[in-house]
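Peer 1: Structure below; questions to follow.
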Amino acid sequence: MSKSIEVMSGDKLLRVAKQIEYRSLFYLLIGFFLIIAFTGADAEESSLKAGAGSSGMQPDFGPNVFVFEPGQLDAQHQIDTIFKQQERAQFGTGRYALLFKPGSYELEVPVGFYTHVAGLGELPDDVQIAGHVWTDAAWMNRNATCNFWRAVENLSVVPPDGVNVWAISQAAPMRRTHIQGDLHLSSGGWSSGGYLADCKVDGSVVPGTQQQWLSRNSEWKQWIGGAWNMVFVGCKNAPEGEWPDEPFTVVVETQVVREKPYLIVDSDGRWFVVLPPLRKRAAGITWGDGETPGEKLPLEDFYLAKPDEETAESINAALRAGKHLLLTPGIYSLEDTIVVSRPGTIVLGLGLPSLVSSTGKTTIRVDAAEGVDVSGILFDAGSTEVDTLFQVGLPDQSLGNSKSPICLHDVFCRVGGNGEGKSKCMVTIYSDHVVGENLWLWRADHGKSVGWDDNTCETGLRVEGDEVTIFGLFVEHTQKHQTVWNGNGGRVYFYQSEMPYDPPSQEAWRSGTGDGYASYKVGEDVTTHEAWGLGVYHVFKDAPVVAENAIETPDVPGIIFHHALTYRLSGGQQGSGILNVINGQGGEVVTRQKATVK
């Protein structure tokens, strides 16, 4: 329902009244009040369609952003309706953001695929949810190994039974969250996560069946258990135990990091994006003393992109005009490259928006030398092969600034699964001094258009820049090296990789150094590189192939790997596997299930 109504001002109404009879004025006033009544009904209907719980003014985020207020009567119904649609929608087209204004709520908030749940307070405790914010993989018989693409941030959960369940795998971060109870990371079935950052858990964290996990700058009362590869960076009360008897890698401080930007709304109804400060040698959470460090940027400084309205040209025009970019939920089919050339630009995804390369061109390229921040985006390959989906920097140019690094958060790439997809590489980094966290780069092993000659992709991540740091690097199933690192001074805290399931033969899967391709390849000219907590797994389903090494590096003193393992998953061909963990060391996982190097 849509109406265009001109309402007379008071002065004009009085002038008219002087020219008409009293009876006419009486009818005019009746008509005026009827207009007000119908206009109010339209406003209420529009608010419900947009999912807007606020009675005040708010930005136009489009129809897939739901903004809730304390006491909103239809909140639970709307949350349940979205979850019913998204619970099983692994390759669906829905994208949603559920935003909660400051205050207290009694709600159950199940979180399905492509659903982003966030509080809008300056501190996590400004939004208190008495209930659960949860996902449990009931749709897959508690098997959470496909619970991808969802996010929770900037709120506090008070579970009435004392336990909040977050049973997920890759691309499902929990950030800046206060769990006032215990946190369970599985729900009884398998699970393969995950990422926890800037979070506080008052009770215990129980990973359960989680195969691997990275926790960064978080704290809890105690951490109970672990499976293969659990990494803790800058965390308080990290578990004790010696690798490999215990699966724990503990790094006391975070060398350099910036937390992901987030939305807030103040008591006057003004909206901002907070850009947290760069931290060095940091331990623990950012908000523990009741303060919220960071720069508040008015939302008016952002171009709010809509998936059904935008082209790369329209977005680039806004960026050239000096705007930051907020991508609202949806799927953006891009005919050209979004180019970020202004230093300090923020590109923020809301509701896990997808950028699809429809013509074989890179979706986003960062040309700026410093200060750019990109977060919360899913990059999808299209049917026309692209050289790289997301590019940071330019080849043969030494760009970067250690005092104002380019930062990447929750960057997810996908080749196949949701449809045709081809990409030579998913993410390429040419710039120096880039800090990334929680990257999942996935050549699909299931879904639509999946096969050795169908969803082709050689490499997940290629790093050419120096002094690049990544916390939480997940790269899976690409057809050559999963990760190629040619820059000096690289640092990786936590690496998880599965080799491709589907090489058709050994002849089709052989590198220049021998059988198969190492998952993690450090270039021959590199002299300094360091990594902590690495796991490389295999299940070669289609042929009895082997890889000589999981990790290959030059043999120089400046390259150091701490705590690496290989693991043979069930279901592979007899005689297939990985012969060594790193550079001919560590033993095979052909007849054995697990091999480690300290």
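Going through the structure tokens in order, the chains are called A, B, and so on, while each chain numbers its residues from 1 and the ligands are numbered from 1 in the order shown.
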Considering only C-alpha atoms, return as a VMD selection string whatever protein or nucleic-acid residues lie within 10 Å of stretch 394-401 of chain A, sequence-local ones (same chain, fewer than 3 positions apart) excluded.
Peer 2: chain A and resid 365 to 371 391 404 to 406 428 to 434 464 to 468
Peer 1: Can you pull out the residues contacting stretch 56-61 of chain A? Cut-off 9 Å, using only C-alpha atoms, and skip same-chain residues under 5 positions away; I want them as an MDAnalysis selection string.
Peer 2: chainID A and resid 50 66 269:271 299 304:306 327:329
Peer 1: Find the spatial neighbours of stretch 381-384 of chain A, counting only C-alpha atoms, within a cut-off of 7 Å - ignore same-chain residues fewer than 4 positions away - and output them as a list in words.
Peer 2: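 Listing them by chain and then by number gives Val356, Ser357, Ser358, Thr359, Gly360, Leu389, Arg414, Val415, Glu420, Gly421, Lys422 and Ser423 of chain A.
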Peer 1: Selected residues, all heavy atoms, written as a short mmCIF file (atom, residue, chain, number, x, y, z; two decimals), in the first residue's frame, please.
Peer 2:
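So the final result, stored in out.cif, reads:
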```cif
data_model
loop_
_atom_site.label_atom_id
_atom_site.label_comp_id
_atom_site.auth_asym_id
_atom_site.auth_seq_id
_atom_site.Cartn_x
_atom_site.Cartn_y
_atom_site.Cartn_z
N VAL A 356 29.15 -11.39 -6.18
CA VAL A 356 29.34 -12.41 -7.21
C VAL A 356 30.02 -11.78 -8.42
O VAL A 356 29.56 -10.77 -8.95
CB VAL A 356 27.99 -13.02 -7.64
CG1 VAL A 356 28.21 -14.12 -8.66
CG2 VAL A 356 27.23 -13.55 -6.43
N SER A 357 31.10 -12.39 -8.85
CA SER A 357 31.77 -11.95 -10.07
C SER A 357 31.02 -12.52 -11.27
O SER A 357 31.13 -13.70 -11.58
CB SER A 357 33.22 -12.43 -10.07
OG SER A 357 33.84 -12.16 -11.31
N SER A 358 30.24 -11.68 -11.95
CA SER A 358 29.39 -12.16 -13.04
C SER A 358 30.08 -12.12 -14.40
O SER A 358 29.60 -12.74 -15.35
CB SER A 358 28.10 -11.33 -13.10
OG SER A 358 28.39 -9.97 -13.39
N THR A 359 31.21 -11.40 -14.50
CA THR A 359 31.87 -11.25 -15.81
C THR A 359 33.33 -11.69 -15.77
O THR A 359 34.07 -11.43 -16.72
CB THR A 359 31.81 -9.79 -16.28
OG1 THR A 359 32.48 -8.96 -15.32
CG2 THR A 359 30.37 -9.32 -16.45
N GLY A 360 33.75 -12.34 -14.69
CA GLY A 360 35.13 -12.78 -14.61
C GLY A 360 36.09 -11.73 -14.11
O GLY A 360 37.31 -11.89 -14.27
N LEU A 389 39.32 -13.37 -6.67
CA LEU A 389 38.05 -12.77 -6.26
C LEU A 389 38.24 -11.47 -5.50
O LEU A 389 37.48 -10.51 -5.68
CB LEU A 389 37.28 -13.77 -5.38
CG LEU A 389 36.64 -14.95 -6.09
CD1 LEU A 389 36.17 -15.99 -5.09
CD2 LEU A 389 35.48 -14.48 -6.96
N ARG A 414 34.06 -18.45 -1.83
CA ARG A 414 33.44 -19.73 -2.20
C ARG A 414 33.51 -19.92 -3.71
O ARG A 414 33.17 -19.02 -4.48
CB ARG A 414 31.98 -19.74 -1.74
CG ARG A 414 31.21 -21.00 -2.04
CD ARG A 414 29.85 -20.99 -1.35
NE ARG A 414 29.01 -19.87 -1.74
CZ ARG A 414 27.85 -19.58 -1.15
NH1 ARG A 414 27.41 -20.30 -0.13
NH2 ARG A 414 27.13 -18.56 -1.58
N VAL A 415 33.96 -21.11 -4.12
CA VAL A 415 33.99 -21.48 -5.53
C VAL A 415 33.15 -22.74 -5.69
O VAL A 415 33.56 -23.83 -5.29
CB VAL A 415 35.43 -21.70 -6.02
CG1 VAL A 415 35.43 -22.12 -7.48
CG2 VAL A 415 36.28 -20.45 -5.83
N GLU A 420 27.58 -22.60 -10.50
CA GLU A 420 28.84 -22.62 -11.24
C GLU A 420 29.81 -21.61 -10.66
O GLU A 420 29.45 -20.47 -10.36
CB GLU A 420 28.58 -22.30 -12.71
CG GLU A 420 27.83 -23.38 -13.46
CD GLU A 420 27.71 -23.04 -14.93
OE1 GLU A 420 28.64 -23.37 -15.70
OE2 GLU A 420 26.69 -22.43 -15.30
N GLY A 421 31.08 -22.02 -10.53
CA GLY A 421 32.09 -21.11 -10.03
C GLY A 421 33.47 -21.54 -10.47
O GLY A 421 33.82 -22.73 -10.37
N LYS A 422 34.28 -20.58 -10.92
CA LYS A 422 35.65 -20.85 -11.34
C LYS A 422 36.51 -19.65 -10.96
O LYS A 422 36.16 -18.51 -11.26
CB LYS A 422 35.74 -21.09 -12.85
CG LYS A 422 34.98 -22.33 -13.35
CD LYS A 422 35.06 -22.46 -14.86
CE LYS A 422 34.22 -23.63 -15.38
NZ LYS A 422 34.77 -24.93 -14.95
N SER A 423 37.64 -19.93 -10.32
CA SER A 423 38.55 -18.86 -9.93
C SER A 423 39.95 -19.43 -9.80
O SER A 423 40.14 -20.48 -9.18
CB SER A 423 38.11 -18.24 -8.59
OG SER A 423 38.98 -17.20 -8.21
#
```
Peer 1: For the interface of stretch 175-253 of chain A with stretch 493-502 of chain A (cut-off 9 Å, counting only C-alpha atoms), please tabulate each contacting residue of stretch 175-253 of chain A alongside its nearest pair of atoms and their separation in Å to one decimal, rows sorted by chain and increasing number, as CSV.
Peer 2:
```
residue,atom,partner,partner_atom,distance
A:Gln212,CA,A:Gln496,CA,7.7
A:Trp213,CA,A:Phe494,CA,8.1
A:Leu214,CA,A:Phe494,CA,6.5
A:Asn229,CA,A:Phe494,CA,8.3
A:Met230,CA,A:Phe494,CA,8.2
A:Val231,CA,A:Phe494,CA,6.2
A:Phe232,CA,A:Tyr493,CA,8.7
A:Val233,CA,A:Tyr493,CA,7.7
A:Thr249,CA,A:Phe494,CA,8.9
A:Val251,CA,A:Tyr493,CA,8.8
```
Peer 1: Based on DSSP run over this structure's backbone, return all residues of stretch 362-522 of chain A in strand (DSSP E or B), as a PyMOL selection string.
Peer 2: chain A and resi 364-366+373-380+386-392+406-415+417-418+423-429+434-443+448+459-463+469-476+483-485+490-498+510-511+514-516+520-522
Peer 1: Emit the selected residues as a CSV table (one decimal), in the first residue's frame, including C-alpha atoms.
Peer 2:
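See result.csv below for the written result:
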```csv
chain,number,residue,atom,x,y,z
A,364,ILE,CA,36.9,-5.8,-4.8
A,365,ARG,CA,40.4,-4.4,-5.3
A,366,VAL,CA,42.0,-2.3,-2.6
A,373,ASP,CA,39.1,-2.0,6.6
A,374,VAL,CA,37.1,-4.7,4.9
A,375,SER,CA,34.8,-7.0,6.9
A,376,GLY,CA,31.8,-9.4,6.8
A,377,ILE,CA,31.6,-10.3,3.1
A,378,LEU,CA,31.2,-13.5,1.2
A,379,PHE,CA,32.9,-13.5,-2.2
A,380,ASP,CA,31.4,-15.9,-4.8
A,386,VAL,CA,38.3,-14.9,-12.5
A,387,ASP,CA,42.0,-14.5,-11.7
A,388,THR,CA,41.3,-13.6,-8.1
A,389,LEU,CA,38.1,-12.8,-6.3
A,390,PHE,CA,39.5,-10.2,-3.8
A,391,GLN,CA,42.7,-8.3,-4.2
A,392,VAL,CA,44.6,-6.2,-1.7
A,406,ILE,CA,45.0,-2.6,5.9
A,407,CYS,CA,42.7,-4.8,8.0
A,408,LEU,CA,40.5,-7.7,6.9
A,409,HIS,CA,37.9,-9.4,9.1
A,410,ASP,CA,35.5,-12.3,8.3
A,411,VAL,CA,36.4,-12.6,4.7
A,412,PHE,CA,34.9,-15.7,3.2
A,413,CYS,CA,35.3,-16.9,-0.4
A,414,ARG,CA,33.4,-19.7,-2.2
A,415,VAL,CA,34.0,-21.5,-5.5
A,417,GLY,CA,28.4,-25.3,-4.2
A,418,ASN,CA,25.8,-22.6,-4.8
A,423,SER,CA,38.5,-18.9,-9.9
A,424,LYS,CA,42.3,-19.3,-10.2
A,425,CYS,CA,42.8,-17.8,-6.8
A,426,MET,CA,40.4,-16.5,-4.1
A,427,VAL,CA,42.4,-13.9,-2.2
A,428,THR,CA,45.6,-12.2,-3.4
A,429,ILE,CA,47.6,-9.8,-1.1
A,434,VAL,CA,48.1,-6.3,6.1
A,435,VAL,CA,46.4,-7.8,9.2
A,436,GLY,CA,43.7,-10.4,8.5
A,437,GLU,CA,41.5,-12.4,10.8
A,438,ASN,CA,39.1,-15.2,10.2
A,439,LEU,CA,39.5,-16.0,6.5
A,440,TRP,CA,37.7,-19.1,5.1
A,441,LEU,CA,38.5,-19.8,1.5
A,442,TRP,CA,36.5,-22.8,0.2
A,443,ARG,CA,36.4,-24.7,-3.0
A,448,LYS,CA,25.8,-27.7,-7.0
A,459,THR,CA,44.9,-21.6,-4.8
A,460,GLY,CA,43.0,-20.1,-1.9
A,461,LEU,CA,45.4,-17.5,-0.7
A,462,ARG,CA,48.5,-16.0,-2.4
A,463,VAL,CA,50.6,-13.5,-0.3
A,469,THR,CA,49.7,-11.3,9.7
A,470,ILE,CA,46.7,-13.5,9.7
A,471,PHE,CA,44.8,-14.9,12.7
A,472,GLY,CA,42.6,-17.8,11.7
A,473,LEU,CA,43.3,-19.0,8.2
A,474,PHE,CA,41.0,-21.7,6.9
A,475,VAL,CA,41.7,-22.9,3.3
A,476,GLU,CA,40.1,-26.0,1.8
A,483,THR,CA,48.2,-21.3,0.4
A,484,VAL,CA,51.2,-19.7,-1.4
A,485,TRP,CA,53.3,-17.3,0.7
A,490,GLY,CA,54.6,-13.4,7.4
A,491,ARG,CA,52.9,-14.6,10.5
A,492,VAL,CA,50.0,-17.0,10.8
A,493,TYR,CA,48.2,-17.9,14.0
A,494,PHE,CA,46.1,-21.0,13.4
A,495,TYR,CA,45.9,-22.8,10.0
A,496,GLN,CA,43.2,-25.4,9.0
A,497,SER,CA,43.2,-27.0,5.7
A,498,GLU,CA,41.7,-30.0,3.9
A,510,ARG,CA,51.6,-33.7,-9.1
A,511,SER,CA,53.6,-30.6,-8.4
A,514,GLY,CA,56.9,-34.4,-6.2
A,515,ASP,CA,53.5,-36.2,-5.8
A,516,GLY,CA,50.6,-34.0,-4.8
A,520,TYR,CA,51.0,-24.6,2.8
A,521,LYS,CA,53.8,-23.5,0.4
A,522,VAL,CA,56.4,-20.9,1.5
```
Peer 1: Please identify all polymer residues within 10 Å of A:Ala138, counting only C-alpha atoms, omitting same-chain residues fewer than 2 positions from it, and present them as a list in words.
Peer 2: Glu87, Arg88, Thr135, Asp136, Met140, Asn141, Arg142, Asn143, Ala144, Ala167, Ser187, Gly188 and Gly189 of chain A
Peer 1: Please determine, counting only C-alpha atoms, which residue among A:Ala197, A:Val133, A:Leu565, A:Ile315 has the shortest atom-to-atom distance to A:Trp220.
Peer 2: A:Ala197
Peer 1: Which residues come within 9 Å of A:Gly162, counting only C-alpha atoms, excluding same-chain residues fewer than 6 positions away, as a ChimeraX atom specification?
Peer 2: /A:180-183,203
Peer 1: Would you work out the distance separating atom CA of A:Tyr332 from atom CA of A:Gln170, expressed in Å to one decimal?
Peer 2: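 Those two atoms sit 22.3 Å apart.
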Peer 1: Where in stretch 44-113 of chain A does DSSP assign helix (DSSP H, G or I), given as a ChimeraX atom specification?
Peer 2: /A:44-50,75-86
Peer 1: Can you write out the residues you just picked, keeping all heavy atoms, as a short mmCIF file (atom, residue, chain, number, x, y, z; two decimals), in the first residue's frame?
Peer 2:
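Saved result, out35.cif, follows:
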```
data_model
loop_
_atom_site.label_atom_id
_atom_site.label_comp_id
_atom_site.auth_asym_id
_atom_site.auth_seq_id
_atom_site.Cartn_x
_atom_site.Cartn_y
_atom_site.Cartn_z
N GLU A 44 2.66 2.03 9.74
CA GLU A 44 2.80 0.79 10.51
C GLU A 44 3.03 -0.39 9.59
O GLU A 44 3.89 -1.24 9.84
CB GLU A 44 1.54 0.58 11.35
CG GLU A 44 1.61 -0.68 12.19
CD GLU A 44 0.37 -0.87 13.03
OE1 GLU A 44 -0.54 -0.03 12.95
OE2 GLU A 44 0.31 -1.87 13.77
N GLU A 45 2.28 -0.45 8.47
CA GLU A 45 2.45 -1.55 7.53
C GLU A 45 3.85 -1.55 6.94
O GLU A 45 4.51 -2.57 6.83
CB GLU A 45 1.41 -1.44 6.41
CG GLU A 45 1.52 -2.57 5.40
CD GLU A 45 0.44 -2.47 4.34
OE1 GLU A 45 -0.64 -1.94 4.65
OE2 GLU A 45 0.68 -2.92 3.21
N SER A 46 4.35 -0.35 6.57
CA SER A 46 5.70 -0.25 6.00
C SER A 46 6.74 -0.71 6.99
O SER A 46 7.70 -1.38 6.65
CB SER A 46 5.97 1.19 5.57
OG SER A 46 7.27 1.34 5.10
N SER A 47 6.55 -0.34 8.28
CA SER A 47 7.51 -0.74 9.32
C SER A 47 7.58 -2.25 9.45
O SER A 47 8.66 -2.82 9.56
CB SER A 47 7.11 -0.10 10.65
OG SER A 47 7.92 -0.55 11.69
N LEU A 48 6.44 -2.91 9.40
CA LEU A 48 6.45 -4.36 9.53
C LEU A 48 7.10 -5.02 8.32
O LEU A 48 7.85 -5.97 8.47
CB LEU A 48 5.01 -4.87 9.69
CG LEU A 48 4.35 -4.58 11.04
CD1 LEU A 48 2.89 -4.99 11.00
CD2 LEU A 48 5.08 -5.30 12.16
N LYS A 49 6.86 -4.49 7.14
CA LYS A 49 7.47 -5.07 5.96
C LYS A 49 8.99 -4.96 6.02
O LYS A 49 9.71 -5.84 5.60
CB LYS A 49 6.96 -4.37 4.69
CG LYS A 49 5.54 -4.77 4.30
CD LYS A 49 5.15 -4.09 3.01
CE LYS A 49 3.76 -4.51 2.57
NZ LYS A 49 3.35 -3.84 1.32
N ALA A 50 9.48 -3.83 6.55
CA ALA A 50 10.93 -3.62 6.62
C ALA A 50 11.55 -4.30 7.82
O ALA A 50 12.75 -4.29 7.98
CB ALA A 50 11.23 -2.12 6.66
N ALA A 75 8.71 -9.54 18.16
CA ALA A 75 10.13 -9.86 17.94
C ALA A 75 10.36 -11.36 17.82
O ALA A 75 11.03 -11.83 16.89
CB ALA A 75 10.98 -9.27 19.06
N GLN A 76 9.81 -12.16 18.76
CA GLN A 76 10.05 -13.60 18.72
C GLN A 76 9.48 -14.22 17.45
O GLN A 76 10.11 -15.10 16.85
CB GLN A 76 9.44 -14.27 19.95
CG GLN A 76 9.83 -15.74 20.10
CD GLN A 76 11.32 -15.91 20.39
OE1 GLN A 76 11.81 -15.51 21.43
NE2 GLN A 76 12.04 -16.52 19.45
N HIS A 77 8.32 -13.75 17.04
CA HIS A 77 7.71 -14.29 15.81
C HIS A 77 8.60 -14.01 14.60
O HIS A 77 8.81 -14.91 13.76
CB HIS A 77 6.33 -13.68 15.60
CG HIS A 77 5.71 -14.03 14.28
ND1 HIS A 77 5.25 -15.30 13.98
CD2 HIS A 77 5.50 -13.27 13.16
CE1 HIS A 77 4.78 -15.32 12.75
NE2 HIS A 77 4.93 -14.10 12.23
N GLN A 78 9.12 -12.79 14.51
CA GLN A 78 9.96 -12.46 13.36
C GLN A 78 11.26 -13.27 13.38
O GLN A 78 11.71 -13.76 12.34
CB GLN A 78 10.26 -10.96 13.36
CG GLN A 78 9.03 -10.10 13.07
CD GLN A 78 9.37 -8.64 12.86
OE1 GLN A 78 10.54 -8.27 12.77
NE2 GLN A 78 8.36 -7.80 12.78
N ILE A 79 11.86 -13.42 14.55
CA ILE A 79 13.10 -14.21 14.67
C ILE A 79 12.85 -15.65 14.27
O ILE A 79 13.63 -16.25 13.51
CB ILE A 79 13.64 -14.11 16.11
CG1 ILE A 79 14.13 -12.68 16.39
CG2 ILE A 79 14.76 -15.12 16.35
CD1 ILE A 79 14.35 -12.40 17.86
N ASP A 80 11.77 -16.23 14.76
CA ASP A 80 11.45 -17.63 14.44
C ASP A 80 11.15 -17.82 12.96
O ASP A 80 11.52 -18.85 12.36
CB ASP A 80 10.26 -18.10 15.27
CG ASP A 80 10.58 -18.21 16.76
OD1 ASP A 80 11.78 -18.23 17.11
OD2 ASP A 80 9.64 -18.26 17.57
N THR A 81 10.49 -16.85 12.36
CA THR A 81 10.16 -16.94 10.93
C THR A 81 11.42 -16.95 10.08
O THR A 81 11.55 -17.74 9.13
CB THR A 81 9.25 -15.77 10.52
OG1 THR A 81 8.03 -15.84 11.28
CG2 THR A 81 8.92 -15.84 9.04
N ILE A 82 12.37 -16.09 10.43
CA ILE A 82 13.63 -16.04 9.69
C ILE A 82 14.41 -17.34 9.88
O ILE A 82 14.95 -17.91 8.92
CB ILE A 82 14.46 -14.82 10.12
CG1 ILE A 82 13.76 -13.53 9.68
CG2 ILE A 82 15.88 -14.88 9.56
CD1 ILE A 82 14.34 -12.28 10.28
N PHE A 83 14.46 -17.84 11.11
CA PHE A 83 15.20 -19.08 11.35
C PHE A 83 14.58 -20.26 10.61
O PHE A 83 15.30 -21.11 10.07
CB PHE A 83 15.26 -19.38 12.85
CG PHE A 83 16.02 -20.63 13.17
CD1 PHE A 83 17.38 -20.71 12.95
CD2 PHE A 83 15.37 -21.75 13.68
CE1 PHE A 83 18.10 -21.86 13.24
CE2 PHE A 83 16.06 -22.91 13.96
CZ PHE A 83 17.44 -22.97 13.74
N LYS A 84 13.26 -20.32 10.57
CA LYS A 84 12.61 -21.41 9.85
C LYS A 84 13.02 -21.40 8.39
O LYS A 84 13.22 -22.46 7.77
CB LYS A 84 11.09 -21.28 9.97
CG LYS A 84 10.32 -22.42 9.34
CD LYS A 84 8.82 -22.27 9.55
CE LYS A 84 8.06 -23.42 8.90
NZ LYS A 84 6.58 -23.27 9.10
N GLN A 85 13.18 -20.23 7.82
CA GLN A 85 13.59 -20.11 6.42
C GLN A 85 15.07 -20.44 6.25
O GLN A 85 15.47 -21.06 5.26
CB GLN A 85 13.33 -18.69 5.93
CG GLN A 85 13.86 -18.42 4.53
CD GLN A 85 13.64 -16.98 4.11
OE1 GLN A 85 12.55 -16.43 4.30
NE2 GLN A 85 14.67 -16.36 3.54
N GLN A 86 15.91 -20.05 7.22
CA GLN A 86 17.36 -20.11 7.06
C GLN A 86 18.02 -21.32 7.70
O GLN A 86 19.21 -21.55 7.45
CB GLN A 86 17.99 -18.83 7.64
CG GLN A 86 17.56 -17.55 6.94
CD GLN A 86 17.89 -17.53 5.45
OE1 GLN A 86 17.02 -17.56 4.61
NE2 GLN A 86 19.17 -17.54 5.14
#
```
Peer 1: Would you list the contacts of stretch 235-246 of chain A as a PyMOL selection string, taking every protein, DNA or RNA residue within 9 Å and counting only C-alpha atoms, but skipping same-chain residues closer than 4 positions in sequence?
Peer 2: chain A and resi 215-229+250-254+283-285+563+565+596-598
Peer 1: Kindly indicate which residue among A:Phe248, A:Phe540, A:Tyr96, A:Phe91 lies nearest to A:Gly351, using only C-alpha atoms for the distances.
Peer 2: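 Checking each candidate against A:Gly351, we get A:Tyr96 as the closest.
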Peer 1: Set the distance at 9 Å and use only C-alpha atoms: which residues neighbour stretch 98-110 of chain A once local chain neighbours fewer than 4 positions away are removed? I'd like the list as a PyMOL selection string.
Peer 2: chain A and resi 54+64-72+75-76+79-80+83+87+115-122+125-136+155+264-267+351
Peer 1: Pick the closest to A:Gly288 from A:Ser314, A:Ser333, A:Gln482, A:Thr177: which is it, counting only C-alpha atoms?
Peer 2: A:Thr177
Peer 1: Check the smallest atom-to-atom distance from each of A:Tyr537, A:Phe272, A:Tyr303, A:Tyr517 to A:Asn549 using only C-alpha atoms, then report the winner.
Peer 2: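 Between A:Tyr537, A:Phe272, A:Tyr303, A:Tyr517, the residue approaching A:Asn549 most closely is A:Tyr517.
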Peer 1: Measuring atom to atom with only C-alpha atoms, identify which of A:Phe113, A:Glu313, A:Asp74, A:Asn154 is nearest to A:Ile168.
Peer 2: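 Comparing A:Phe113, A:Glu313, A:Asp74, A:Asn154 against A:Ile168, the winner is A:Phe113.
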Peer 1: To one decimal place in Å, what is the distance between atom CA of A:Leu123 and atom CA of A:Val158?
Peer 2: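 Going from atom CA of A:Leu123 over to atom CA of A:Val158 covers 15.2 Å.
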Peer 1: One decimal, in Å: what's the spacing between atom CA of A:Leu73 and atom CA of A:Gly112?
Peer 2: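 So the two atoms, atom CA of A:Leu73 and atom CA of A:Gly112, lie 21.7 Å apart.
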Peer 1: So which one's closest to A:Lys260, A:Gly234, A:Glu310, A:Gly349, A:Val201? Using only C-alpha atoms, please.
Peer 2: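 Looking only at the distances to A:Lys260, the closest residue turns out to be A:Gly349.
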